Every structure is written in C-alpha cells, then in structure tokens.
>>> print(open('query-v2.pdb').read())   # PDB, C-alpha atoms
MODEL        1
ATOM      1  CA  ARG A  65       0.000   0.000   0.000  1.00  0.00           C
ATOM      2  CA  LYS A  66       1.324   3.457  -0.908  1.00  0.00           C
ATOM      3  CA  GLU A  67       1.916   5.829   1.988  1.00  0.00           C
ATOM      4  CA  VAL A  68      -0.122   8.561   0.348  1.00  0.00           C
ATOM      5  CA  GLU A  69      -2.891   7.624  -2.052  1.00  0.00           C
ATOM      6  CA  GLN A  70      -4.874   9.853  -4.363  1.00  0.00           C
ATOM      7  CA  ASP A  71      -7.405   9.266  -7.090  1.00  0.00           C
ATOM      8  CA  PRO A  72      -5.327   9.976 -10.214  1.00  0.00           C
ATOM      9  CA  GLY A  73      -8.296  11.294 -12.167  1.00  0.00           C
ATOM     10  CA  PRO A  74      -8.401  12.892 -14.589  1.00  0.00           C
ATOM     11  CA  PHE A  75     -11.210  15.146 -13.442  1.00  0.00           C
ATOM     12  CA  ASN A  76     -12.726  17.060 -16.331  1.00  0.00           C
ATOM     13  CA  VAL A  77     -15.122  19.762 -15.144  1.00  0.00           C
ATOM     14  CA  PRO A  78     -16.779  22.829 -16.680  1.00  0.00           C
ATOM     15  CA  GLU A  79     -15.896  26.326 -15.561  1.00  0.00           C
ATOM     16  CA  GLY A  80     -17.786  27.269 -12.441  1.00  0.00           C
ATOM     17  CA  ALA A  81     -18.070  23.705 -11.156  1.00  0.00           C
ATOM     18  CA  THR A  82     -17.177  22.590  -7.665  1.00  0.00           C
ATOM     19  CA  VAL A  83     -14.687  19.735  -7.499  1.00  0.00           C
ATOM     20  CA  ALA A  84     -13.306  17.758  -4.573  1.00  0.00           C
ATOM     21  CA  PHE A  85     -10.128  15.725  -4.281  1.00  0.00           C
ATOM     22  CA  ASN A  86      -9.460  13.123  -1.652  1.00  0.00           C
ATOM     23  CA  CYS A  87      -6.276  11.727  -0.207  1.00  0.00           C
ATOM     24  CA  THR A  88      -5.541   9.036   2.359  1.00  0.00           C
ATOM     25  CA  TYR A  89      -2.302   8.427   4.223  1.00  0.00           C
ATOM     26  CA  SER A  90      -1.110   5.332   6.036  1.00  0.00           C
ATOM     27  CA  ASN A  91       1.280   6.630   8.704  1.00  0.00           C
ATOM     28  CA  SER A  92      -0.555   7.765  11.817  1.00  0.00           C
ATOM     29  CA  ALA A  93       2.609   9.586  12.978  1.00  0.00           C
ATOM     30  CA  SER A  94       2.221  12.085  10.157  1.00  0.00           C
ATOM     31  CA  GLN A  95       2.599  15.570  11.535  1.00  0.00           C
ATOM     32  CA  SER A  96       1.604  18.075   8.925  1.00  0.00           C
ATOM     33  CA  PHE A  97      -0.210  18.094   5.649  1.00  0.00           C
ATOM     34  CA  PHE A  98      -0.210  20.121   2.475  1.00  0.00           C
ATOM     35  CA  TRP A  99      -1.697  20.466  -0.960  1.00  0.00           C
ATOM     36  CA  TYR A 100       0.658  21.348  -3.784  1.00  0.00           C
ATOM     37  CA  ARG A 101      -0.192  22.350  -7.317  1.00  0.00           C
ATOM     38  CA  GLN A 102       1.930  21.261 -10.268  1.00  0.00           C
ATOM     39  CA  ASP A 103       1.483  22.648 -13.752  1.00  0.00           C
ATOM     40  CA  CYS A 104       2.562  20.606 -16.750  1.00  0.00           C
ATOM     41  CA  ARG A 105       6.374  20.350 -16.953  1.00  0.00           C
ATOM     42  CA  LYS A 106       6.812  22.683 -13.967  1.00  0.00           C
ATOM     43  CA  GLU A 107       7.850  22.268 -10.364  1.00  0.00           C
ATOM     44  CA  PRO A 108       5.305  21.698  -7.581  1.00  0.00           C
ATOM     45  CA  LYS A 109       4.236  24.822  -5.724  1.00  0.00           C
ATOM     46  CA  LEU A 110       2.639  25.029  -2.320  1.00  0.00           C
ATOM     47  CA  LEU A 111      -1.094  25.673  -2.603  1.00  0.00           C
ATOM     48  CA  MET A 112      -2.028  25.507   1.055  1.00  0.00           C
ATOM     49  CA  SER A 113      -1.333  23.830   4.342  1.00  0.00           C
ATOM     50  CA  VAL A 114      -4.041  21.658   5.857  1.00  0.00           C
ATOM     51  CA  TYR A 115      -5.020  22.171   9.484  1.00  0.00           C
ATOM     52  CA  SER A 116      -7.091  19.943  11.742  1.00  0.00           C
ATOM     53  CA  SER A 117      -9.765  22.598  12.079  1.00  0.00           C
ATOM     54  CA  GLY A 118     -10.043  22.948   8.323  1.00  0.00           C
ATOM     55  CA  ASN A 119      -8.946  26.037   6.464  1.00  0.00           C
ATOM     56  CA  GLU A 120     -10.015  28.138   3.554  1.00  0.00           C
ATOM     57  CA  ASP A 121      -8.132  30.302   1.081  1.00  0.00           C
ATOM     58  CA  GLY A 122     -10.484  32.021  -1.315  1.00  0.00           C
ATOM     59  CA  ARG A 123     -12.130  29.357  -3.467  1.00  0.00           C
ATOM     60  CA  PHE A 124     -10.057  26.577  -1.909  1.00  0.00           C
ATOM     61  CA  THR A 125     -10.978  24.666   1.241  1.00  0.00           C
ATOM     62  CA  ALA A 126      -8.799  21.984   2.818  1.00  0.00           C
ATOM     63  CA  GLN A 127      -9.850  19.562   5.517  1.00  0.00           C
ATOM     64  CA  LEU A 128      -8.091  16.953   7.606  1.00  0.00           C
ATOM     65  CA  ASN A 129      -9.561  14.000   9.436  1.00  0.00           C
ATOM     66  CA  ARG A 130      -6.798  12.491  11.579  1.00  0.00           C
ATOM     67  CA  ALA A 131      -8.974   9.648  12.860  1.00  0.00           C
ATOM     68  CA  SER A 132      -9.671   8.446   9.327  1.00  0.00           C
ATOM     69  CA  GLN A 133      -6.258   9.573   8.004  1.00  0.00           C
ATOM     70  CA  TYR A 134      -7.947  11.472   5.249  1.00  0.00           C
ATOM     71  CA  ILE A 135      -7.341  14.856   3.616  1.00  0.00           C
ATOM     72  CA  SER A 136      -9.516  16.692   1.156  1.00  0.00           C
ATOM     73  CA  LEU A 137      -9.350  19.713  -1.119  1.00  0.00           C
ATOM     74  CA  LEU A 138     -12.460  21.469  -2.383  1.00  0.00           C
ATOM     75  CA  ILE A 139     -12.306  23.956  -5.245  1.00  0.00           C
ATOM     76  CA  ARG A 140     -15.364  26.128  -5.766  1.00  0.00           C
ATOM     77  CA  ASP A 141     -16.220  28.113  -8.903  1.00  0.00           C
ATOM     78  CA  SER A 142     -13.489  26.427 -10.954  1.00  0.00           C
ATOM     79  CA  LYS A 143     -11.470  28.596 -13.330  1.00  0.00           C
ATOM     80  CA  LEU A 144      -9.632  27.567 -16.473  1.00  0.00           C
ATOM     81  CA  SER A 145      -6.438  28.512 -14.643  1.00  0.00           C
ATOM     82  CA  ASP A 146      -7.114  25.840 -12.000  1.00  0.00           C
ATOM     83  CA  SER A 147      -6.190  23.157 -14.552  1.00  0.00           C
ATOM     84  CA  ALA A 148      -3.184  21.384 -13.057  1.00  0.00           C
ATOM     85  CA  THR A 149      -2.188  18.328 -11.061  1.00  0.00           C
ATOM     86  CA  TYR A 150      -2.859  18.547  -7.330  1.00  0.00           C
ATOM     87  CA  LEU A 151      -0.476  16.722  -5.027  1.00  0.00           C
ATOM     88  CA  CYS A 152      -1.329  15.617  -1.511  1.00  0.00           C
ATOM     89  CA  VAL A 153       1.721  15.802   0.759  1.00  0.00           C
ATOM     90  CA  VAL A 154       2.270  14.369   4.223  1.00  0.00           C
ATOM     91  CA  ASN A 155       5.152  15.344   6.492  1.00  0.00           C
ATOM     92  CA  ILE A 156       6.808  12.961   8.929  1.00  0.00           C
ATOM     93  CA  GLY A 157       9.833  14.405  10.699  1.00  0.00           C
ATOM     94  CA  ASN A 158      12.318  15.553   8.079  1.00  0.00           C
ATOM     95  CA  ASP A 159      10.596  13.705   5.289  1.00  0.00           C
ATOM     96  CA  MET A 160       7.658  14.601   3.082  1.00  0.00           C
ATOM     97  CA  ARG A 161       5.756  11.907   1.229  1.00  0.00           C
ATOM     98  CA  PHE A 162       3.924  12.834  -1.937  1.00  0.00           C
ATOM     99  CA  GLY A 163       0.869  11.344  -3.512  1.00  0.00           C
ATOM    100  CA  ALA A 164       1.039  10.669  -7.236  1.00  0.00           C
ATOM    101  CA  GLY A 165      -1.341  13.551  -7.869  1.00  0.00           C
ATOM    102  CA  THR A 166      -4.847  14.157  -9.166  1.00  0.00           C
ATOM    103  CA  ARG A 167      -5.124  15.759 -12.568  1.00  0.00           C
ATOM    104  CA  LEU A 168      -7.769  18.437 -13.068  1.00  0.00           C
ATOM    105  CA  THR A 169      -8.851  19.938 -16.374  1.00  0.00           C
ATOM    106  CA  VAL A 170     -11.331  22.807 -16.299  1.00  0.00           C
ATOM    107  CA  LYS A 171     -13.071  23.346 -19.626  1.00  0.00           C
ATOM    108  CA  PRO A 172     -14.886  26.396 -20.991  1.00  0.00           C
TER     109      PRO A 172
ATOM    110  CA  ASN B  22      15.623  36.519  -4.869  1.00  0.00           C
ATOM    111  CA  ALA B  23      16.146  33.420  -7.037  1.00  0.00           C
ATOM    112  CA  GLY B  24      14.879  30.807  -4.537  1.00  0.00           C
ATOM    113  CA  VAL B  25      16.121  27.369  -5.588  1.00  0.00           C
ATOM    114  CA  THR B  26      18.227  27.135  -8.732  1.00  0.00           C
ATOM    115  CA  GLN B  27      18.917  23.833 -10.466  1.00  0.00           C
ATOM    116  CA  THR B  28      21.272  23.116 -13.329  1.00  0.00           C
ATOM    117  CA  PRO B  29      21.166  21.766 -15.930  1.00  0.00           C
ATOM    118  CA  LYS B  30      17.516  21.918 -17.039  1.00  0.00           C
ATOM    119  CA  PHE B  31      17.926  19.095 -19.556  1.00  0.00           C
ATOM    120  CA  GLN B  32      20.511  16.351 -20.007  1.00  0.00           C
ATOM    121  CA  VAL B  33      20.919  13.244 -22.129  1.00  0.00           C
ATOM    122  CA  LEU B  34      23.434  10.677 -20.943  1.00  0.00           C
ATOM    123  CA  LYS B  35      24.640   7.390 -22.299  1.00  0.00           C
ATOM    124  CA  THR B  36      24.470   4.360 -20.053  1.00  0.00           C
ATOM    125  CA  GLY B  37      27.532   4.295 -17.814  1.00  0.00           C
ATOM    126  CA  GLN B  38      28.279   8.008 -18.003  1.00  0.00           C
ATOM    127  CA  SER B  39      28.449  10.094 -14.865  1.00  0.00           C
ATOM    128  CA  MET B  40      27.116  13.532 -14.088  1.00  0.00           C
ATOM    129  CA  THR B  41      26.367  15.893 -11.233  1.00  0.00           C
ATOM    130  CA  LEU B  42      23.147  17.829 -10.834  1.00  0.00           C
ATOM    131  CA  GLN B  43      23.670  21.140  -9.084  1.00  0.00           C
ATOM    132  CA  CYS B  44      21.287  22.856  -6.688  1.00  0.00           C
ATOM    133  CA  ALA B  45      21.647  26.123  -4.820  1.00  0.00           C
ATOM    134  CA  GLN B  46      19.257  28.081  -2.606  1.00  0.00           C
ATOM    135  CA  ASP B  47      19.548  31.648  -1.412  1.00  0.00           C
ATOM    136  CA  MET B  48      16.905  31.564   1.329  1.00  0.00           C
ATOM    137  CA  ASN B  49      19.240  30.503   4.151  1.00  0.00           C
ATOM    138  CA  HIS B  50      17.327  27.241   4.539  1.00  0.00           C
ATOM    139  CA  ASN B  51      18.799  24.471   6.646  1.00  0.00           C
ATOM    140  CA  SER B  52      17.222  21.479   4.914  1.00  0.00           C
ATOM    141  CA  MET B  53      17.672  20.480   1.302  1.00  0.00           C
ATOM    142  CA  TYR B  54      16.283  17.545  -0.660  1.00  0.00           C
ATOM    143  CA  TRP B  55      16.580  15.663  -3.922  1.00  0.00           C
ATOM    144  CA  TYR B  56      13.493  14.010  -5.413  1.00  0.00           C
ATOM    145  CA  ARG B  57      12.785  12.170  -8.589  1.00  0.00           C
ATOM    146  CA  GLN B  58       9.395  12.204 -10.286  1.00  0.00           C
ATOM    147  CA  ASP B  59       8.203   9.422 -12.543  1.00  0.00           C
ATOM    148  CA  PRO B  60       4.770   9.052 -14.178  1.00  0.00           C
ATOM    149  CA  GLY B  61       2.220   7.545 -11.795  1.00  0.00           C
ATOM    150  CA  MET B  62       4.741   7.349  -8.952  1.00  0.00           C
ATOM    151  CA  GLY B  63       4.681  10.791  -7.411  1.00  0.00           C
ATOM    152  CA  LEU B  64       7.832  12.393  -6.099  1.00  0.00           C
ATOM    153  CA  ARG B  65      10.191  10.016  -4.313  1.00  0.00           C
ATOM    154  CA  LEU B  66      12.939  11.172  -1.988  1.00  0.00           C
ATOM    155  CA  ILE B  67      16.456  10.201  -3.042  1.00  0.00           C
ATOM    156  CA  TYR B  68      18.574  11.923  -0.383  1.00  0.00           C
ATOM    157  CA  TYR B  69      18.194  14.800   1.992  1.00  0.00           C
ATOM    158  CA  SER B  70      20.358  17.022   4.130  1.00  0.00           C
ATOM    159  CA  ALA B  71      18.829  18.304   7.354  1.00  0.00           C
ATOM    160  CA  SER B  72      21.689  20.729   7.911  1.00  0.00           C
ATOM    161  CA  GLU B  73      25.079  21.653   6.558  1.00  0.00           C
ATOM    162  CA  GLY B  74      27.452  18.720   6.960  1.00  0.00           C
ATOM    163  CA  THR B  75      24.810  15.996   7.187  1.00  0.00           C
ATOM    164  CA  THR B  76      23.170  13.822   4.544  1.00  0.00           C
ATOM    165  CA  ASP B  77      20.734  10.927   4.818  1.00  0.00           C
ATOM    166  CA  LYS B  78      19.220   8.379   2.489  1.00  0.00           C
ATOM    167  CA  GLY B  79      15.659   8.692   1.397  1.00  0.00           C
ATOM    168  CA  GLU B  80      13.321   6.212  -0.210  1.00  0.00           C
ATOM    169  CA  VAL B  81      15.314   5.501  -3.413  1.00  0.00           C
ATOM    170  CA  PRO B  82      19.043   6.237  -2.827  1.00  0.00           C
ATOM    171  CA  ASN B  83      20.607   3.426  -4.859  1.00  0.00           C
ATOM    172  CA  GLY B  84      22.743   4.644  -7.741  1.00  0.00           C
ATOM    173  CA  TYR B  85      23.107   8.166  -6.340  1.00  0.00           C
ATOM    174  CA  ASN B  86      25.458  10.109  -4.102  1.00  0.00           C
ATOM    175  CA  VAL B  87      25.095  13.588  -2.664  1.00  0.00           C
ATOM    176  CA  SER B  88      27.254  16.348  -1.278  1.00  0.00           C
ATOM    177  CA  ARG B  89      26.157  19.201   0.932  1.00  0.00           C
ATOM    178  CA  LEU B  90      28.936  21.516  -0.080  1.00  0.00           C
ATOM    179  CA  ASN B  91      27.837  24.371   2.183  1.00  0.00           C
ATOM    180  CA  LYS B  92      24.546  25.721   3.449  1.00  0.00           C
ATOM    181  CA  ARG B  93      23.547  26.954  -0.006  1.00  0.00           C
ATOM    182  CA  GLU B  94      24.509  24.022  -2.223  1.00  0.00           C
ATOM    183  CA  PHE B  95      23.416  20.388  -2.415  1.00  0.00           C
ATOM    184  CA  SER B  96      24.532  18.331  -5.393  1.00  0.00           C
ATOM    185  CA  LEU B  97      23.371  14.952  -6.674  1.00  0.00           C
ATOM    186  CA  ARG B  98      25.777  12.656  -8.506  1.00  0.00           C
ATOM    187  CA  LEU B  99      25.075   9.724 -10.767  1.00  0.00           C
ATOM    188  CA  GLU B 100      28.307   7.724 -10.966  1.00  0.00           C
ATOM    189  CA  SER B 101      27.205   5.304 -13.676  1.00  0.00           C
ATOM    190  CA  ALA B 102      23.914   6.274 -15.243  1.00  0.00           C
ATOM    191  CA  ALA B 103      21.329   3.620 -16.057  1.00  0.00           C
ATOM    192  CA  PRO B 104      18.160   3.869 -18.179  1.00  0.00           C
ATOM    193  CA  SER B 105      16.125   3.363 -14.969  1.00  0.00           C
ATOM    194  CA  GLN B 106      17.412   6.753 -13.831  1.00  0.00           C
ATOM    195  CA  THR B 107      15.597   8.505 -16.654  1.00  0.00           C
ATOM    196  CA  SER B 108      13.361  10.864 -14.731  1.00  0.00           C
ATOM    197  CA  VAL B 109      12.683  14.440 -13.731  1.00  0.00           C
ATOM    198  CA  TYR B 110      14.793  15.467 -10.749  1.00  0.00           C
ATOM    199  CA  PHE B 111      13.731  18.197  -8.343  1.00  0.00           C
ATOM    200  CA  CYS B 112      15.777  19.861  -5.674  1.00  0.00           C
ATOM    201  CA  ALA B 113      13.928  21.475  -2.777  1.00  0.00           C
ATOM    202  CA  SER B 114      14.741  23.385   0.374  1.00  0.00           C
ATOM    203  CA  ARG B 115      12.910  24.079   3.593  1.00  0.00           C
ATOM    204  CA  GLY B 116      13.533  26.548   6.362  1.00  0.00           C
ATOM    205  CA  GLN B 117      13.110  25.829  10.062  1.00  0.00           C
ATOM    206  CA  GLY B 118       9.443  25.907  10.962  1.00  0.00           C
ATOM    207  CA  ALA B 119       8.542  26.511   7.341  1.00  0.00           C
ATOM    208  CA  HIS B 120       5.288  25.167   6.055  1.00  0.00           C
ATOM    209  CA  GLY B 121       6.524  23.336   3.022  1.00  0.00           C
ATOM    210  CA  TYR B 122       9.214  23.094   0.425  1.00  0.00           C
ATOM    211  CA  THR B 123      10.422  25.479  -2.211  1.00  0.00           C
ATOM    212  CA  PHE B 124      11.299  23.547  -5.339  1.00  0.00           C
ATOM    213  CA  GLY B 125      13.740  24.215  -8.126  1.00  0.00           C
ATOM    214  CA  SER B 126      12.469  24.110 -11.681  1.00  0.00           C
ATOM    215  CA  GLY B 127      13.703  20.563 -12.267  1.00  0.00           C
ATOM    216  CA  THR B 128      16.191  18.666 -14.406  1.00  0.00           C
ATOM    217  CA  ARG B 129      14.877  16.392 -17.145  1.00  0.00           C
ATOM    218  CA  LEU B 130      17.367  13.548 -17.473  1.00  0.00           C
ATOM    219  CA  THR B 131      17.271  10.899 -20.165  1.00  0.00           C
ATOM    220  CA  VAL B 132      19.657   7.948 -20.068  1.00  0.00           C
ATOM    221  CA  VAL B 133      19.944   6.049 -23.344  1.00  0.00           C
TER     222      VAL B 133
ENDMDL
END
>>> encode(input="query-v2.pdb", output="structure tokens")
Amino acid sequence: RKEVEQDPGPFNVPEGATVAFNCTYSNSASQSFFWYRQDCRKEPKLLMSVYSSGNEDGRFTAQLNRASQYISLLIRDSKLSDSATYLCVVNIGNDMRFGAGTRLTVKP
Amino acid sequence: NAGVTQTPKFQVLKTGQSMTLQCAQDMNHNSMYWYRQDPGMGLRLIYYSASEGTTDKGEVPNGYNVSRLNKREFSLRLESAAPSQTSVYFCASRGQGAHGYTFGSGTRLTVV
C-alpha cells in the first residue's frame, strides 16, 4: 500500500463547477499536511497547508480527518487557470511523502 | 531573490556516463532535498540534508550520491547512469518551521 494515495483522475469539469479531491495516508505519525499544485512540466508549488480545524483560502478549502487519516481539497467556482495536477503531501519528521497527484482539467 | 536554482535543465546521458546535478538556494534554509518524479509514482525522496554537513538516504538512494557543499549548495551525482534513472529530478529546500518546500524548476534527465 502506498503511503499517500490519491485518485489519479483525470477530473474534467466545466468552468464554475465545484470539485473535490481526496487523499488518504497510512502513517498515523504524520505531523503536517499540504496540498501542492503542479502545472505541466513545472515544479510543484505550495497551494495551502491543511489544518485539523479545516482552512479556507479564497475558493479553496482543505480539511483533515486524523482519525480516518484522510485529507480533502475542495475547489469552488473552478477557473480555467485551476487546470493542473494537485499533489497531496504528508510530512513525517524531516521527510515529506507525496501522492502521485490528481489531474484536473477545467473546460470552458 | 532566485529561490532554488537547479542546473542543468535538460541532459541526455549514455548508459555508464556520470554527471552531477547542481542545486543552490539563497533563502538561508537548513534542509535540502533531492526528489525524482516518474509518471504515476509521485515524487520520491532520493537523499536529503537536514543541515550543513549531514546527509541521509531517502526512499530511493541506490545509484546516487550527494554532497552538501555548504549551506547553499546540495549536489546529486550519478556515478554510472542507467536507463532506470531517466526521470525528472527536483531539488527542494525548507527553512526551520517553514510550512513546506520550495522547489527548483527541475532537471529532465534521459539515459539512453
């Protein structure tokens, strides 16, 4: 079993749609959690951290359920510019473990 | 402020050749990392350096060596390249208490 698992997609949604990505992790000692965005042939960039209480940044909402070892990312009112691969990342000590990513395409 | 700079951006090697991937950061970060990214696999940690003078193996260290030359620079060496090392390599750094990595723009390596 992979340490961090994501639905690879692809998710193809129309502009304005709401889309949700899920991620599960296997190591209960995981300390912190992140969502990264990666555009085609570019480096990953931090989208947002994920806190136990849930957190929101504009159209993006991240949630963490430690009991179920589950992380989610919700994107509301999707824009064409949201098209990218979204990586779930789990931090344990000095190490970060990455999911393989969920690919999103937002269409006009 | 350049962040994390990786060189080269592209490289083609023949099997058995050696090369060094360079990485430098100007953010005064303590920790630096080398990852490889393959389709469907996500990023996998090759080696990391928690501070100047220390290096540790990650998930997939075989076939690689690293040097933390100083606080700014962390290089990755392939002594004898193999086709299985064809990948995209990312260097990253992280400051103390920071909430995530800053990545370099990547090196696309092909071994033929």
>>> interface_residues(input="query-v2.pdb", of="chain A", to="chain B", cutoff="6 Å", atoms="only C-alpha atoms", output="list of chain:residue names")
A:Glu107, A:Phe162, A:Gly163, A:Ala164
>>> write_last_selection(input="query-v2.pdb", atoms="C-alpha atoms", output="short mmCIF file (atom, residue, chain, number, x, y, z; two decimals), in the frame of the given file")
data_model
loop_
_atom_site.label_atom_id
_atom_site.label_comp_id
_atom_site.auth_asym_id
_atom_site.auth_seq_id
_atom_site.Cartn_x
_atom_site.Cartn_y
_atom_site.Cartn_z
CA GLU A 107 7.85 22.27 -10.36
CA PHE A 162 3.92 12.83 -1.94
CA GLY A 163 0.87 11.34 -3.51
CA ALA A 164 1.04 10.67 -7.24
#
>>> resolve_selection(input="query-v2.pdb", expression="the PyMOL selection byres ((chain A and resi 87) around 12)", output="PyMOL selection string")
chain A and resi 66-72+84-86+88-90+97-99+114+126-130+132-138+150-154+162-166
>>> atom_distance(input="query-v2.pdb", atom1="CA of Glu73 in chain B", atom2="CA of Thr131 in chain B")
29.8 Å
>>> residues_near_point(input="query-v2.pdb", point="(-10.4, 28.2, -2.9)", cutoff="8 Å", atoms="only C-alpha atoms", output="CSV table (one decimal) with C-alpha atoms, keeping the file's coordinate frame")
chain,number,residue,atom,x,y,z
A,120,GLU,CA,-10.0,28.1,3.6
A,121,ASP,CA,-8.1,30.3,1.1
A,122,GLY,CA,-10.5,32.0,-1.3
A,123,ARG,CA,-12.1,29.4,-3.5
A,124,PHE,CA,-10.1,26.6,-1.9
A,125,THR,CA,-11.0,24.7,1.2
A,138,LEU,CA,-12.5,21.5,-2.4
A,139,ILE,CA,-12.3,24.0,-5.2
A,140,ARG,CA,-15.4,26.1,-5.8
>>> residues_around(input="query-v2.pdb", residues="Arg101 in chain A", least_positions_apart="4", cutoff="6 Å", atoms="only C-alpha atoms", output="list in words")
Pro108, Lys109, Leu111, Thr149 and Tyr150 of chain A
>>> closest_residue(input="query-v2.pdb", among="A:Ala148, A:Gly80, A:Tyr100, A:Pro74", to="Arg161 in chain A", atoms="all atoms listed in the file")
A:Tyr100
>>> closest_residue(input="query-v2.pdb", among="B:Asn51, B:Ser105, B:Ser114, B:Thr75", to="Leu34 in chain B", atoms="only C-alpha atoms")
B:Ser105
>>> axis_aligned_box(input="query-v2.pdb", around="range 79-91 of chain B", padding_each_side="3 Å", output="JSON")
{"center_x": 21.1, "center_y": 13.9, "center_z": -2.8, "size_x": 21.6, "size_y": 26.9, "size_z": 15.9}
>>> atom_distance(input="query-v2.pdb", atom1="CA of Lys143 in chain A", atom2="CA of Arg167 in chain A")
14.3 Å
>>> closest_residue(input="query-v2.pdb", among="B:Leu90, B:Leu97, B:Val25, B:Val132", to="His50 in chain B", atoms="only C-alpha atoms")
B:Val25
>>> residues_around(input="query-v2.pdb", residues="Cys44 in chain B", least_positions_apart="4", cutoff="7 Å", atoms="all atoms listed in the file", output="PyMOL selection string")
chain B and resi 25-28+94-96+112
>>> resolve_selection(input="query-v2.pdb", expression="the PyMOL selection byres ((chain A and resi 79) around 10)", output="JSON, numbers by chain")
{"A": [76, 77, 78, 80, 81, 82, 140, 141, 142, 143, 144, 145, 146, 169, 170, 171, 172]}
>>> residues_around(input="query-v2.pdb", residues="Gln38 in chain B", least_positions_apart="3", cutoff="10 Å", atoms="all atoms listed in the file", output="list in words")
Val33, Leu34, Lys35, Leu99, Glu100, Ser101, Ala102, Ala103 and Val132 of chain B
>>> atom_distance(input="query-v2.pdb", atom1="CA of Leu42 in chain B", atom2="CA of Ser96 in chain A")
29.2 Å
>>> resolve_selection(input="query-v2.pdb", expression="the PyMOL selection byres ((chain B and resi 48) around 8)", output="PyMOL selection string")
chain B and resi 24+46-47+49-50+116
>>> closest_residue(input="query-v2.pdb", among="B:Ile67, B:Arg98, B:Asn91, B:Gly74", to="Met160 in chain A", atoms="only C-alpha atoms")
B:Ile67
>>> build_atoms(input="query-v2.pdb", residues="range 73-94 of chain B", atoms="N, CA and C atoms", output="short mmCIF file (atom, residue, chain, number, x, y, z; two decimals), keeping the file's coordinate frame")
data_model
loop_
_atom_site.label_atom_id
_atom_site.label_comp_id
_atom_site.auth_asym_id
_atom_site.auth_seq_id
_atom_site.Cartn_x
_atom_site.Cartn_y
_atom_site.Cartn_z
N GLU B 73 23.76 21.68 7.18
CA GLU B 73 25.08 21.65 6.56
C GLU B 73 25.94 20.58 7.23
N GLY B 74 26.57 19.74 6.42
CA GLY B 74 27.45 18.72 6.96
C GLY B 74 26.79 17.37 7.19
N THR B 75 25.49 17.28 7.00
CA THR B 75 24.81 16.00 7.19
C THR B 75 24.03 15.63 5.93
N THR B 76 24.01 14.33 5.63
CA THR B 76 23.17 13.82 4.54
C THR B 76 22.58 12.48 4.98
N ASP B 77 21.40 12.18 4.48
CA ASP B 77 20.73 10.93 4.82
C ASP B 77 20.02 10.37 3.60
N LYS B 78 19.91 9.03 3.59
CA LYS B 78 19.22 8.38 2.49
C LYS B 78 17.73 8.57 2.62
N GLY B 79 17.10 8.66 1.46
CA GLY B 79 15.66 8.69 1.40
C GLY B 79 15.10 7.36 0.97
N GLU B 80 14.05 7.41 0.20
CA GLU B 80 13.32 6.21 -0.21
C GLU B 80 14.04 5.43 -1.31
N VAL B 81 14.71 6.15 -2.24
CA VAL B 81 15.31 5.50 -3.41
C VAL B 81 16.75 5.98 -3.63
N PRO B 82 17.69 5.69 -2.72
CA PRO B 82 19.04 6.24 -2.83
C PRO B 82 20.01 5.49 -3.75
N ASN B 83 19.65 4.26 -4.12
CA ASN B 83 20.61 3.43 -4.86
C ASN B 83 20.96 4.04 -6.21
N GLY B 84 22.26 4.10 -6.48
CA GLY B 84 22.74 4.64 -7.74
C GLY B 84 23.06 6.12 -7.68
N TYR B 85 22.89 6.72 -6.50
CA TYR B 85 23.11 8.17 -6.34
C TYR B 85 24.04 8.44 -5.16
N ASN B 86 24.72 9.56 -5.24
CA ASN B 86 25.46 10.11 -4.10
C ASN B 86 25.18 11.60 -4.03
N VAL B 87 25.35 12.16 -2.83
CA VAL B 87 25.10 13.59 -2.66
C VAL B 87 26.23 14.23 -1.89
N SER B 88 26.30 15.54 -2.05
CA SER B 88 27.25 16.35 -1.28
C SER B 88 26.57 17.63 -0.85
N ARG B 89 26.63 17.90 0.46
CA ARG B 89 26.16 19.20 0.93
C ARG B 89 27.41 20.06 1.08
N LEU B 90 27.67 20.80 0.03
CA LEU B 90 28.94 21.52 -0.08
C LEU B 90 29.03 22.64 0.95
N ASN B 91 27.95 23.29 1.20
CA ASN B 91 27.84 24.37 2.18
C ASN B 91 26.34 24.56 2.43
N LYS B 92 25.97 25.58 3.14
CA LYS B 92 24.55 25.72 3.45
C LYS B 92 23.72 25.96 2.18
N ARG B 93 24.28 26.59 1.20
CA ARG B 93 23.55 26.95 -0.01
C ARG B 93 23.42 25.81 -1.01
N GLU B 94 24.41 24.94 -1.08
CA GLU B 94 24.51 24.02 -2.22
C GLU B 94 24.40 22.55 -1.83
#
